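**Student:** Got a file for you: input-v6.txt, compact mmCIF, C-alpha atoms.
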# COMPACT_ATOMS: atom_id res chain seq x y z
CA MET A 1 10.06 15.74 3.93
CA ASP A 2 9.14 17.54 7.10
CA ILE A 3 5.69 16.49 8.21
CA LYS A 4 4.61 17.53 11.71
CA PHE A 5 1.93 15.23 13.04
CA THR A 6 -1.16 16.74 14.61
CA ASN A 7 -2.61 15.04 17.69
CA ASP A 8 -5.39 13.63 15.53
CA GLN A 9 -2.84 12.15 13.16
CA LEU A 10 -0.89 10.61 16.04
CA GLU A 11 -4.06 8.90 17.12
CA ARG A 12 -5.20 7.95 13.61
CA TYR A 13 -1.86 6.37 12.73
CA SER A 14 -0.91 5.15 16.23
CA ARG A 15 -1.09 1.47 15.22
CA HIS A 16 1.34 2.14 12.40
CA ILE A 17 3.73 4.33 14.37
CA ILE A 18 3.95 1.77 17.17
CA LEU A 19 5.27 -0.80 14.70
CA LYS A 20 9.05 -0.82 14.67
CA GLU A 21 9.07 -1.56 10.92
CA VAL A 22 6.89 1.47 10.14
CA GLY A 23 7.37 3.97 12.95
CA VAL A 24 7.41 7.73 12.56
CA LYS A 25 9.54 7.65 9.43
CA GLY A 26 7.38 5.01 7.74
CA GLN A 27 4.18 6.94 8.38
CA LYS A 28 5.77 10.08 6.97
CA LYS A 29 6.75 8.09 3.88
CA LEU A 30 3.16 6.93 3.49
CA LEU A 31 1.85 10.49 3.83
CA GLY A 32 4.44 11.66 1.31
CA GLY A 33 3.89 8.69 -1.01
CA SER A 34 1.66 8.06 -4.00
CA VAL A 35 -0.09 4.99 -5.41
CA LEU A 36 -1.99 4.62 -8.68
CA ILE A 37 -4.78 2.05 -8.62
CA ILE A 38 -5.86 0.90 -12.07
CA GLY A 39 -9.42 -0.35 -11.85
CA ALA A 40 -11.92 0.57 -9.14
CA GLY A 41 -13.36 -2.94 -9.16
CA GLY A 42 -13.01 -6.13 -7.15
CA LEU A 43 -9.28 -5.67 -6.53
CA GLY A 44 -9.03 -1.88 -6.62
CA ALA A 45 -11.91 -1.30 -4.20
CA PRO A 46 -10.39 -3.01 -1.14
CA ALA A 47 -6.90 -1.78 -2.05
CA ALA A 48 -8.16 1.81 -2.24
CA LEU A 49 -9.95 1.53 1.11
CA TYR A 50 -6.88 0.28 2.95
CA LEU A 51 -4.45 2.66 1.28
CA ALA A 52 -6.68 5.62 2.12
CA ALA A 53 -6.99 4.40 5.69
CA ALA A 54 -3.21 3.95 5.86
CA GLY A 55 -2.70 7.61 4.98
CA VAL A 56 -1.07 7.31 1.57
CA GLY A 57 -0.88 10.99 0.71
CA HIS A 58 -1.81 10.80 -2.96
CA ILE A 59 -3.95 8.08 -4.49
CA GLY A 60 -4.83 8.02 -8.18
CA ILE A 61 -7.66 5.84 -9.43
CA VAL A 62 -8.42 4.89 -13.02
CA ASP A 63 -11.69 3.45 -14.27
CA ALA A 64 -13.94 4.38 -17.17
CA ASP A 65 -17.07 2.67 -15.88
CA VAL A 66 -20.04 3.66 -13.77
CA VAL A 67 -21.18 1.66 -10.75
CA ASP A 68 -23.49 -1.19 -11.72
CA LEU A 69 -25.72 -3.26 -9.43
CA SER A 70 -23.73 -6.41 -10.32
CA ASN A 71 -20.52 -4.76 -9.03
CA LEU A 72 -21.68 -4.46 -5.44
CA GLN A 73 -21.20 -8.14 -4.59
CA ARG A 74 -17.43 -7.48 -4.39
CA GLN A 75 -16.57 -3.83 -5.09
CA VAL A 76 -16.93 -2.74 -1.48
CA ILE A 77 -15.91 0.89 -1.96
CA HIS A 78 -19.23 1.57 -3.74
CA THR A 79 -22.71 1.47 -2.20
CA THR A 80 -26.20 0.94 -3.54
CA ASN A 81 -26.65 4.72 -3.59
CA ASP A 82 -23.70 5.01 -6.00
CA ILE A 83 -25.30 3.01 -8.82
CA GLY A 84 -24.94 4.98 -12.04
CA LYS A 85 -22.17 7.18 -10.65
CA PRO A 86 -18.67 7.04 -12.19
CA LYS A 87 -16.70 4.47 -10.19
CA VAL A 88 -13.77 6.83 -9.73
CA GLU A 89 -16.05 9.49 -8.21
CA SER A 90 -17.70 7.00 -5.89
CA ALA A 91 -14.28 5.65 -4.86
CA LYS A 92 -12.93 9.17 -4.28
CA GLU A 93 -15.86 10.09 -2.03
CA THR A 94 -15.40 6.97 0.10
CA MET A 95 -11.63 7.42 0.39
CA GLU A 96 -11.94 11.07 1.37
CA ALA A 97 -14.61 10.18 3.92
CA ILE A 98 -12.29 7.60 5.48
CA ASN A 99 -9.31 9.91 5.62
CA PRO A 100 -9.16 13.64 4.88
CA ASP A 101 -5.34 13.42 4.76
CA VAL A 102 -5.57 11.71 1.38
CA GLU A 103 -5.63 13.57 -1.92
CA VAL A 104 -7.41 11.56 -4.60
CA THR A 105 -6.94 12.11 -8.34
CA THR A 106 -9.50 10.47 -10.62
CA TYR A 107 -9.08 9.34 -14.21
CA GLN A 108 -12.40 8.38 -15.73
CA LYS A 109 -10.95 6.96 -18.90
CA PHE A 110 -9.78 3.83 -20.68
CA LEU A 111 -6.06 3.23 -20.42
CA ALA A 112 -4.32 2.86 -23.74
CA SER A 113 -0.88 3.21 -25.24
CA ASP A 114 -1.44 6.94 -25.83
CA ASN A 115 -2.26 7.94 -22.23
CA ILE A 116 -0.81 5.39 -19.79
CA MET A 117 2.72 6.83 -19.66
CA ASP A 118 1.43 10.27 -18.80
CA ILE A 119 -0.75 8.90 -15.99
CA ILE A 120 1.75 6.55 -14.30
CA LYS A 121 4.60 9.05 -14.27
CA ASP A 122 3.29 10.89 -11.20
CA TYR A 123 3.14 7.83 -8.92
CA ASP A 124 5.62 5.86 -6.80
CA ILE A 125 3.95 2.49 -7.38
CA ILE A 126 1.10 1.14 -9.51
CA LEU A 127 -1.49 -1.50 -8.61
CA ASP A 128 -2.96 -3.53 -11.48
CA GLY A 129 -6.58 -4.16 -10.56
CA THR A 130 -7.77 -4.85 -14.10
CA ASP A 131 -9.58 -7.94 -15.27
CA ASN A 132 -8.33 -8.45 -18.80
CA PHE A 133 -5.13 -9.42 -20.56
CA PRO A 134 -4.74 -6.45 -22.93
CA ALA A 135 -4.72 -4.13 -19.90
CA LYS A 136 -2.35 -6.37 -17.95
CA PHE A 137 0.22 -6.49 -20.76
CA LEU A 138 -0.17 -2.75 -21.35
CA ILE A 139 0.42 -1.98 -17.66
CA ASN A 140 3.41 -4.32 -17.51
CA ASP A 141 5.06 -2.91 -20.60
CA ALA A 142 4.41 0.71 -19.63
CA CYS A 143 5.71 0.19 -16.09
CA VAL A 144 8.83 -1.56 -17.39
CA MET A 145 9.47 1.24 -19.90
CA ALA A 146 8.86 3.95 -17.29
CA ASN A 147 10.76 1.98 -14.61
CA LYS A 148 7.77 2.05 -12.26
CA PRO A 149 7.26 -0.70 -9.70
CA PHE A 150 3.87 -2.35 -9.91
CA VAL A 151 1.87 -5.10 -8.27
CA HIS A 152 0.13 -7.49 -10.64
CA ALA A 153 -2.95 -9.38 -9.50
CA GLY A 154 -5.55 -11.60 -11.10
CA ILE A 155 -8.63 -13.33 -9.76
CA ILE A 156 -11.17 -15.76 -11.09
CA ARG A 157 -13.78 -18.00 -9.42
CA PHE A 158 -12.07 -19.09 -6.17
CA LYS A 159 -8.51 -18.44 -7.24
CA GLY A 160 -6.18 -15.50 -7.18
CA GLN A 161 -2.57 -14.68 -7.94
CA LEU A 162 -0.16 -11.87 -7.16
CA MET A 163 3.34 -10.72 -8.03
CA THR A 164 5.32 -7.55 -7.50
CA VAL A 165 7.59 -6.25 -10.25
CA ILE A 166 10.55 -3.95 -9.79
CA PRO A 167 11.42 -3.33 -13.46
CA HIS A 168 14.88 -4.37 -14.60
CA GLU A 169 15.52 -5.96 -11.19
CA SER A 170 12.88 -8.66 -10.82
CA PRO A 171 11.03 -10.73 -13.46
CA CYS A 172 8.14 -8.85 -15.09
CA TYR A 173 4.69 -10.14 -16.04
CA ARG A 174 5.89 -10.76 -19.59
CA CYS A 175 8.91 -12.77 -18.35
CA VAL A 176 6.34 -15.18 -16.92
CA PHE A 177 3.39 -15.01 -19.30
CA LYS A 178 5.10 -14.01 -22.57
CA THR A 179 2.07 -12.93 -24.56
CA MET A 180 -1.69 -12.81 -24.82
CA PRO A 181 -3.59 -16.10 -24.40
CA PRO A 182 -5.61 -17.20 -27.44
CA LYS A 183 -9.08 -15.76 -27.82
CA ASP A 184 -11.58 -17.38 -25.46
CA ALA A 185 -8.91 -19.59 -23.89
CA VAL A 186 -9.55 -17.88 -20.58
CA PRO A 187 -12.99 -16.84 -19.40
CA THR A 188 -13.57 -13.37 -17.94
CA CYS A 189 -14.90 -12.80 -14.42
CA LYS A 190 -18.28 -12.08 -15.92
CA GLN A 191 -18.40 -15.47 -17.61
CA ALA A 192 -16.76 -17.43 -14.82
CA GLY A 193 -17.88 -15.70 -11.64
CA VAL A 194 -15.78 -14.72 -8.64
CA ILE A 195 -16.20 -14.78 -4.87
CA GLY A 196 -16.24 -11.25 -3.49
CA ALA A 197 -14.14 -11.99 -0.43
CA MET A 198 -11.57 -13.63 -2.73
CA ALA A 199 -11.15 -10.35 -4.57
CA GLY A 200 -10.84 -8.71 -1.17
CA VAL A 201 -8.02 -11.03 -0.09
CA ILE A 202 -5.97 -10.38 -3.20
CA GLY A 203 -6.73 -6.63 -3.35
CA CYS A 204 -5.66 -6.31 0.29
CA LEU A 205 -2.41 -8.13 -0.51
CA GLN A 206 -1.79 -5.58 -3.25
CA ALA A 207 -2.35 -2.76 -0.77
CA LEU A 208 0.03 -4.48 1.64
CA GLU A 209 2.75 -4.66 -1.01
CA ALA A 210 2.29 -0.95 -1.72
CA VAL A 211 2.56 -0.11 1.99
CA LYS A 212 5.71 -2.24 2.28
CA TYR A 213 7.21 -0.63 -0.80
CA LEU A 214 6.55 2.91 0.44
CA THR A 215 7.75 2.28 3.99
CA GLY A 216 10.60 -0.07 3.09
CA ALA A 217 9.31 -2.68 5.56
CA GLY A 218 10.06 -6.34 4.96
CA GLU A 219 10.55 -8.09 1.64
CA LEU A 220 8.46 -7.59 -1.48
CA LEU A 221 6.87 -10.37 -3.51
CA THR A 222 9.44 -10.02 -6.28
CA GLY A 223 10.80 -12.97 -8.21
CA LYS A 224 7.84 -14.96 -6.92
CA LEU A 225 4.27 -15.64 -7.89
CA LEU A 226 1.83 -16.10 -5.05
CA THR A 227 -1.25 -18.19 -5.75
CA PHE A 228 -4.30 -18.54 -3.55
CA ASP A 229 -6.88 -21.31 -3.79
CA ALA A 230 -9.82 -20.31 -1.61
CA LEU A 231 -11.63 -23.65 -1.92
CA LYS A 232 -8.65 -25.47 -0.45
CA MET A 233 -7.61 -22.40 1.55
CA GLU A 234 -4.05 -22.78 0.30
CA PHE A 235 -1.45 -20.16 -0.46
CA HIS A 236 1.58 -21.15 -2.54
CA THR A 237 4.60 -19.06 -3.39
CA ILE A 238 6.24 -20.15 -6.61
CA LYS A 239 9.79 -19.02 -7.11
CA LEU A 240 10.26 -17.63 -10.60
CA PRO A 241 13.33 -18.10 -12.77
CA PRO A 242 15.64 -15.08 -12.65
CA ARG A 243 14.96 -12.24 -15.07
CA GLY A 244 16.46 -13.60 -18.24
CA GLU A 245 17.75 -12.19 -21.46
CA GLY A 246 14.77 -13.67 -23.27
CA CYS A 247 12.10 -11.21 -22.16
CA ALA A 248 10.63 -9.20 -25.02
CA VAL A 249 10.25 -6.07 -22.91
CA CYS A 250 12.49 -6.08 -19.83
CA SER A 251 15.69 -7.69 -21.15
CA ASP A 252 18.68 -5.56 -22.04
CA HIS A 253 17.82 -5.95 -25.72
CA PRO A 254 14.03 -5.77 -25.85
CA THR A 255 12.11 -6.54 -29.02
CA ILE A 256 9.08 -4.66 -27.74
CA THR A 257 10.00 -1.00 -27.48
CA GLU A 258 6.60 0.57 -28.06
CA LEU A 259 3.35 0.02 -26.23
CA ILE A 260 0.83 -2.32 -27.83
CA ASP A 261 -2.94 -1.95 -27.76
CA TYR A 262 -3.93 -5.59 -28.07
CA GLU A 263 -7.28 -6.33 -29.64
CA GLN A 264 -9.97 -7.61 -27.38
CA ALA A 265 -9.21 -11.29 -27.03
CA GLN A 266 -12.05 -12.38 -24.83
CA CYS A 267 -15.67 -12.15 -25.74
CA GLU A 268 -17.62 -9.23 -24.29
CA TRP A 269 -14.52 -7.41 -23.15
CA LYS A 270 -14.49 -3.63 -23.49
CA PRO A 271 -11.36 -1.57 -22.84
CA GLY A 272 -11.01 -0.43 -19.25
CA GLN A 273 -13.88 -2.55 -18.04
CA ASN A 274 -13.54 -4.01 -14.59
CA MET B 1 24.56 10.93 40.99
CA ALA B 2 24.76 13.76 38.54
CA ASP B 3 21.53 14.88 36.96
CA ILE B 4 20.94 13.75 33.43
CA LYS B 5 20.76 16.63 30.98
CA ALA B 6 17.97 16.10 28.52
CA ASP B 7 18.20 17.50 24.99
CA GLU B 8 14.43 17.60 24.64
CA THR B 9 11.38 17.07 26.81
CA VAL B 10 7.92 15.80 26.03
CA ASP B 11 4.81 15.63 28.18
CA ILE B 12 2.66 12.59 27.49
CA THR B 13 0.38 12.97 30.51
CA ASP B 14 -2.33 14.44 28.26
CA VAL B 15 -2.81 11.25 26.23
CA VAL B 16 -3.63 7.61 26.98
CA CYS B 17 -2.02 4.35 25.83
CA PRO B 18 -1.08 3.60 23.13
CA VAL B 19 -0.82 7.23 22.02
CA THR B 20 1.53 7.83 24.98
CA PHE B 21 4.23 5.72 23.35
CA VAL B 22 3.40 7.15 19.92
CA LYS B 23 3.85 10.71 21.16
CA ALA B 24 7.14 9.80 22.85
CA LYS B 25 8.31 8.02 19.71
CA VAL B 26 7.55 11.05 17.55
CA ALA B 27 9.52 13.28 19.94
CA LEU B 28 12.43 10.84 19.93
CA ASP B 29 12.39 10.75 16.13
CA GLU B 30 13.35 14.44 16.11
CA LEU B 31 16.55 13.73 18.04
CA ASP B 32 19.93 12.47 16.83
CA GLU B 33 21.55 9.25 18.00
CA GLY B 34 22.95 9.61 21.52
CA GLN B 35 20.70 12.53 22.46
CA ILE B 36 18.47 12.25 25.50
CA LEU B 37 14.72 12.69 25.72
CA SER B 38 12.99 13.45 29.00
CA ILE B 39 9.44 12.13 29.07
CA LYS B 40 6.82 13.17 31.64
CA LEU B 41 4.33 10.35 32.07
CA ASN B 42 1.52 9.25 34.34
CA ASP B 43 1.57 6.46 36.90
CA GLY B 44 -0.15 3.20 35.95
CA GLU B 45 -0.31 1.97 32.37
CA PRO B 46 2.09 4.55 30.90
CA VAL B 47 4.84 3.92 33.43
CA GLN B 48 4.44 0.17 32.97
CA ASN B 49 4.41 0.23 29.18
CA VAL B 50 6.42 3.16 27.83
CA PRO B 51 9.84 2.26 29.32
CA ARG B 52 9.43 -1.35 28.17
CA SER B 53 8.40 -0.31 24.66
CA MET B 54 11.38 2.05 24.45
CA LYS B 55 13.72 -0.81 25.39
CA GLU B 56 12.06 -3.10 22.82
CA GLU B 57 12.81 -0.52 20.15
CA GLY B 58 16.47 -0.67 21.12
CA HIS B 59 16.73 2.66 22.96
CA LYS B 60 18.53 3.06 26.27
CA VAL B 61 16.35 3.71 29.31
CA LEU B 62 18.61 5.72 31.62
CA LYS B 63 16.47 6.63 34.59
CA LEU B 64 12.92 6.83 35.94
CA ASP B 65 12.26 9.52 38.58
CA ASP B 66 9.12 9.71 40.66
CA ASN B 67 7.93 13.30 40.59
CA GLY B 68 5.84 12.66 43.72
CA ASP B 69 2.65 13.97 42.15
CA GLY B 70 1.45 10.84 40.34
CA THR B 71 3.75 11.50 37.42
CA TYR B 72 7.20 10.21 36.52
CA GLN B 73 10.12 11.51 34.53
CA LEU B 74 11.70 8.99 32.15
CA TYR B 75 15.08 9.60 30.52
CA VAL B 76 15.74 7.77 27.26
CA GLU B 77 18.87 7.87 25.14
CA LYS B 78 18.22 7.45 21.44
CA VAL B 79 19.90 4.51 19.74
CA GLY B 80 19.91 4.29 15.96
CA GLU B 81 18.95 6.95 13.48
Show how you would write the structure in this file as structure tokens.
**Tutor:**
Amino acid sequence: MDIKFTNDQLERYSRHIILKEVGVKGQKKLLGGSVLIIGAGGLGAPAALYLAAAGVGHIGIVDADVVDLSNLQRQVIHTTNDIGKPKVESAKETMEAINPDVEVTTYQKFLASDNIMDIIKDYDIILDGTDNFPAKFLINDACVMANKPFVHAGIIRFKGQLMTVIPHESPCYRCVFKTMPPKDAVPTCKQAGVIGAMAGVIGCLQALEAVKYLTGAGELLTGKLLTFDALKMEFHTIKLPPRGEGCAVCSDHPTITELIDYEQAQCEWKPGQN
Amino acid sequence: MADIKADETVDITDVVCPVTFVKAKVALDELDEGQILSIKLNDGEPVQNVPRSMKEEGHKVLKLDDNGDGTYQLYVEKVGE
């Protein structure tokens, strides 16, 4: 791709271009790259801010909800003035205000088996910023089937976790977590609470993985699960077993070959809610 | 000593650090391995930093000429793609 930098762009991206691991080529890859962020909530908000600032040329954002007062404690892309506005619109406005180089596509809808494939197909990498298991399994299975890299993340209370999946190369979410937890076995954010800055830490790590994937810098968090305990201020990286033959979706002989819309398994969960 | 023949020139006297190095890096990116970039830069910070940064990136700094007017001419050979 032949992108000629303007003087403004040289200045805007100077801290990237100076880096040997990013450089001119890496910045061009970011400007020519695309990321889909699923959920404009606690994880998606910081990820979207940093990816827009980084100059990712095309950012898609999916969320069916409108901004609620209770979101603002952690969803830093929205402001008090945005209450009642669709989250994807509010997020788009903020991203475009940060960086006019970025084209933002909004999807104000619930993701389900009948629309996810069509949405993810246009993007280089997907970030899972959802807060519920049906969505997480749906995103995993769809990304595996479409061969799309994605970055899983989950947060609750003071804890967070992260893993990057390159389908058919590294273990997928289902390799690790198999299937849905029993109803009410795991509380939702709403029931359990979450520290805003915690969501920020993990959402920023997702953005960082996307930047590394697009630029080719460093090593991705594949084959590993990173956990963060904010109360103890401890990060751990757990090495995962290699992608085995046993996985229901990513093995060479999968038993799951169609997307599944799992029933709501936690109380008060609505599809697409973040 | 024979003059070095530059394949491309860039003037970075119109910008300040760190955009000086960024502008030079962008110009160098357009060249092929082994080609030579001539960079016009100001005395002071740029002349202290840009040659060092070029070396750190693995490029060959060939020569630094004083233009006698507060500017310098730096010749860098590109190493790597």
**Student:** Compile the residues of chain B that lie within 7 Å of chain A, evaluated using only C-alpha atoms, and express the compilation as JSON, numbers by chain.
**Tutor:** {"B": [19, 22, 23, 26, 29, 57]}
**Student:** With all atoms listed in the file as the counted atoms, please give the residues lying no more than 9 Å from B:Ser38, apart from itself and same-chain residues fewer than 6 positions off, as a PDB file with C-alpha atoms, in the coordinates of the input.
**Tutor:**
ATOM      1  CA  LYS B   5      20.760  16.630  30.980  1.00  0.00           C
ATOM      2  CA  ALA B   6      17.970  16.100  28.520  1.00  0.00           C
ATOM      3  CA  ASP B   7      18.200  17.500  24.990  1.00  0.00           C
ATOM      4  CA  GLU B   8      14.430  17.600  24.640  1.00  0.00           C
ATOM      5  CA  THR B   9      11.380  17.070  26.810  1.00  0.00           C
ATOM      6  CA  VAL B  10       7.920  15.800  26.030  1.00  0.00           C
ATOM      7  CA  ASP B  11       4.810  15.630  28.180  1.00  0.00           C
ATOM      8  CA  GLN B  73      10.120  11.510  34.530  1.00  0.00           C
ATOM      9  CA  LEU B  74      11.700   8.990  32.150  1.00  0.00           C
ATOM     10  CA  TYR B  75      15.080   9.600  30.520  1.00  0.00           C
ATOM     11  CA  VAL B  76      15.740   7.770  27.260  1.00  0.00           C
ATOM     12  CA  GLU B  77      18.870   7.870  25.140  1.00  0.00           C
TER      13      GLU B  77
END
**Student:** Could you jot down the atom CA of A:Asn115 to atom CA of A:Glu263 separation for me, Å, one decimal place?
**Tutor:**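 Rounded to one decimal, the two atoms are 16.8 Å apart.
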**Student:** If I take atom CA of A:Ala40 and atom CA of A:Phe235, how far is one from the other in Å, to one decimal?
**Tutor:**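 Computing the Euclidean distance for atom CA of A:Ala40 and atom CA of A:Phe235 yields 24.8 Å.
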**Student:** Which one is closest to A:Pro182: A:Pro134, A:Gly160, A:Pro46, A:Gly223? Count all atoms listed in the file.
**Tutor:** A:Pro134
**Student:** By how many Å are atom CA of B:Gly34 and atom CA of B:Asp65 apart?
**Tutor:** 20.1 Å
**Student:** Can you list, as a PyMOL selection string, every protein, DNA or RNA residue that comes within 8 Å of A:Val104 when you count all atoms listed in the file, leaving out same-chain residues fewer than 3 positions away?
**Tutor:** chain A and resi 58-61+92+95-96
